[in-house]
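Report on the following structure.
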Amino acid sequence: QVQLVESGGGLVQAGGSLRLSCVVSGRTFSNYAMGWFRQAPGKERERDVVSGISRSGTKTIYADSVKGRFTISRDNAKNTVYLQMNSLKPEDTTVYYCAAGPAASFYSTYADYQQYTNWGQGTQVTVSS
């Protein structure tokens, strides 16, 4: 069973930075494409993709709303995926989730939440204006 544990959320002023971390255990981390999602505003059961990264770490995708501000990375030796969030805006406020999706290719990235089979519990990010 794959387990994902996020950390790094918190309260920050607009323009500030946070780094989210997600540690994965229970399976071979490098076999999974990883993603970060966030809860859609006012929609408890809907999650929007923020970013994704391939097994190799060489391919990444970003939502248009975060391009140039957020950076995803992974350390396969530490079983950890990161999301560096800079220039945060109040509209970035929500719960962020880490997700793992088994991938046959080293270079696949997934934007569709249905490609992910395992999820973390979420971490709250609050950006004050």
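Every chain in the structure tokens takes a letter, A first, then B, and so on in the order presented; its residues are numbered from 1, and the ligands are numbered from 1 following the presented order.
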
DSSP strand (DSSP E or B) residues within chain A, listed as a VMD selection string: chain A and resid 3 to 7 10 to 13 18 to 25 32 to 39 47 to 53 60 to 62 70 to 75 80 to 85 94 to 102 118 to 119 123 to 128

Neighbours of Tyr107 of chain A within 8 Å (only C-alpha atoms; same-chain residues fewer than 3 positions away dropped), as a list of chain:residue names?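 Using only C-alpha atoms, the neighbours found are A:Ser54, A:Arg55, A:Ser56, A:Gly57, A:Thr58, A:Lys59.
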
When you look at Ala103 of chain A with a cut-off of 7 Å (counting only C-alpha atoms), what residues show up, excluding the ones that are within fewer than 6 positions of it in the same chain? I need them as a list of chain:residue names. A:Asn31, A:Tyr32, A:Ala33

Quick one: distance from atom CA of Met85 of chain A to atom CA of Thr28 of chain A in Å, one decimal?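 Atom CA of Met85 of chain A sits 26.3 Å away from atom CA of Thr28 of chain A.
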
Give me, as a PDB file with N, CA and C atoms, in the first residue's frame, all polymer residues having an atom no more than 6 Å from segment 16-25 of chain A, counting only C-alpha atoms and skipping those fewer than 3 positions away in the same chain.
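In the end it all went to out-v6.pdb:
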ATOM      1  N   VAL A   2       0.612   2.129  -0.928  1.00  0.00           N
ATOM      2  CA  VAL A   2       1.376   3.367  -1.013  1.00  0.00           C
ATOM      3  C   VAL A   2       0.792   4.390  -0.057  1.00  0.00           C
ATOM      4  N   GLN A   3       1.660   5.028   0.692  1.00  0.00           N
ATOM      5  CA  GLN A   3       1.233   6.090   1.594  1.00  0.00           C
ATOM      6  C   GLN A   3       1.942   7.379   1.241  1.00  0.00           C
ATOM      7  N   LEU A   4       1.195   8.476   1.247  1.00  0.00           N
ATOM      8  CA  LEU A   4       1.746   9.787   0.931  1.00  0.00           C
ATOM      9  C   LEU A   4       1.456  10.730   2.088  1.00  0.00           C
ATOM     10  N   VAL A   5       2.464  11.446   2.509  1.00  0.00           N
ATOM     11  CA  VAL A   5       2.314  12.380   3.612  1.00  0.00           C
ATOM     12  C   VAL A   5       2.860  13.734   3.189  1.00  0.00           C
ATOM     13  N   GLU A   6       1.969  14.716   3.120  1.00  0.00           N
ATOM     14  CA  GLU A   6       2.363  16.079   2.741  1.00  0.00           C
ATOM     15  C   GLU A   6       2.748  16.894   3.969  1.00  0.00           C
ATOM     16  N   SER A   7       3.563  17.881   3.742  1.00  0.00           N
ATOM     17  CA  SER A   7       3.906  18.849   4.785  1.00  0.00           C
ATOM     18  C   SER A   7       4.322  20.143   4.108  1.00  0.00           C
ATOM     19  N   GLY A   8       4.412  21.200   4.911  1.00  0.00           N
ATOM     20  CA  GLY A   8       4.920  22.466   4.406  1.00  0.00           C
ATOM     21  C   GLY A   8       3.874  23.539   4.188  1.00  0.00           C
ATOM     22  N   GLN A  13       1.991  35.686   3.670  1.00  0.00           N
ATOM     23  CA  GLN A  13       1.473  36.900   3.045  1.00  0.00           C
ATOM     24  C   GLN A  13       1.605  36.821   1.530  1.00  0.00           C
ATOM     25  N   ASN A  79      12.553   9.560  -1.832  1.00  0.00           N
ATOM     26  CA  ASN A  79      11.123   9.235  -1.987  1.00  0.00           C
ATOM     27  C   ASN A  79      10.247  10.461  -1.753  1.00  0.00           C
ATOM     28  N   THR A  80      10.667  11.578  -2.257  1.00  0.00           N
ATOM     29  CA  THR A  80       9.991  12.835  -1.954  1.00  0.00           C
ATOM     30  C   THR A  80       9.772  13.657  -3.222  1.00  0.00           C
ATOM     31  N   VAL A  81       8.596  14.264  -3.290  1.00  0.00           N
ATOM     32  CA  VAL A  81       8.305  15.231  -4.333  1.00  0.00           C
ATOM     33  C   VAL A  81       8.030  16.575  -3.664  1.00  0.00           C
ATOM     34  N   TYR A  82       8.457  17.632  -4.320  1.00  0.00           N
ATOM     35  CA  TYR A  82       8.347  18.979  -3.761  1.00  0.00           C
ATOM     36  C   TYR A  82       7.535  19.885  -4.675  1.00  0.00           C
ATOM     37  N   LEU A  83       6.953  20.899  -4.079  1.00  0.00           N
ATOM     38  CA  LEU A  83       6.341  21.967  -4.845  1.00  0.00           C
ATOM     39  C   LEU A  83       6.793  23.285  -4.237  1.00  0.00           C
ATOM     40  N   GLN A  84       7.686  23.963  -4.931  1.00  0.00           N
ATOM     41  CA  GLN A  84       8.139  25.280  -4.503  1.00  0.00           C
ATOM     42  C   GLN A  84       7.165  26.309  -5.043  1.00  0.00           C
ATOM     43  N   MET A  85       6.569  27.069  -4.147  1.00  0.00           N
ATOM     44  CA  MET A  85       5.550  28.045  -4.524  1.00  0.00           C
ATOM     45  C   MET A  85       6.052  29.440  -4.194  1.00  0.00           C
ATOM     46  N   ASN A  86       6.267  30.230  -5.209  1.00  0.00           N
ATOM     47  CA  ASN A  86       6.729  31.609  -5.048  1.00  0.00           C
ATOM     48  C   ASN A  86       5.662  32.581  -5.513  1.00  0.00           C
ATOM     49  N   SER A  87       5.830  33.829  -5.121  1.00  0.00           N
ATOM     50  CA  SER A  87       4.888  34.893  -5.538  1.00  0.00           C
ATOM     51  C   SER A  87       3.448  34.463  -5.294  1.00  0.00           C
ATOM     52  N   LEU A  88       3.208  33.967  -4.113  1.00  0.00           N
ATOM     53  CA  LEU A  88       1.876  33.451  -3.799  1.00  0.00           C
ATOM     54  C   LEU A  88       0.835  34.554  -3.801  1.00  0.00           C
TER      55      LEU A  88
END

Pick from A:Gln1, A:Ser65, A:Thr94, A:Ser73, whichever lies nearest to Gly122 of chain A using only C-alpha atoms: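 Among A:Gln1, A:Ser65, A:Thr94, A:Ser73, it is A:Thr94 that comes nearest to Gly122 of chain A.
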
Pick from A:Val49, A:Asp92, A:Asp112, A:Cys98, whichever lies nearest to Ser128 of chain A using only C-alpha atoms: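 Nearest to Ser128 of chain A: A:Asp92.
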
Let me make sure I understand: among A:Val95, A:Ala100, A:Val127, A:Val12, which one has the smallest atom-to-atom distance to Glu46 of chain A if we use only C-alpha atoms? A:Val95

Which residue gives the smallest distance to Met34 of chain A among A:Gly101, A:Gly120, A:Gly15, A:Pro90, with only C-alpha atoms counted?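 Of A:Gly101, A:Gly120, A:Gly15, A:Pro90, the one nearest Met34 of chain A, counting only C-alpha atoms, is A:Gly101.
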
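Across the model, the gap from atom CA of Gly10 of chain A to atom CA of Arg27 of chain A is 28.3 Å.
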
I'd like to know which of A:Gln114, A:Gln124, A:Thr60, A:Ser51 is closest to Pro102 of chain A, using only C-alpha atoms. A:Gln114
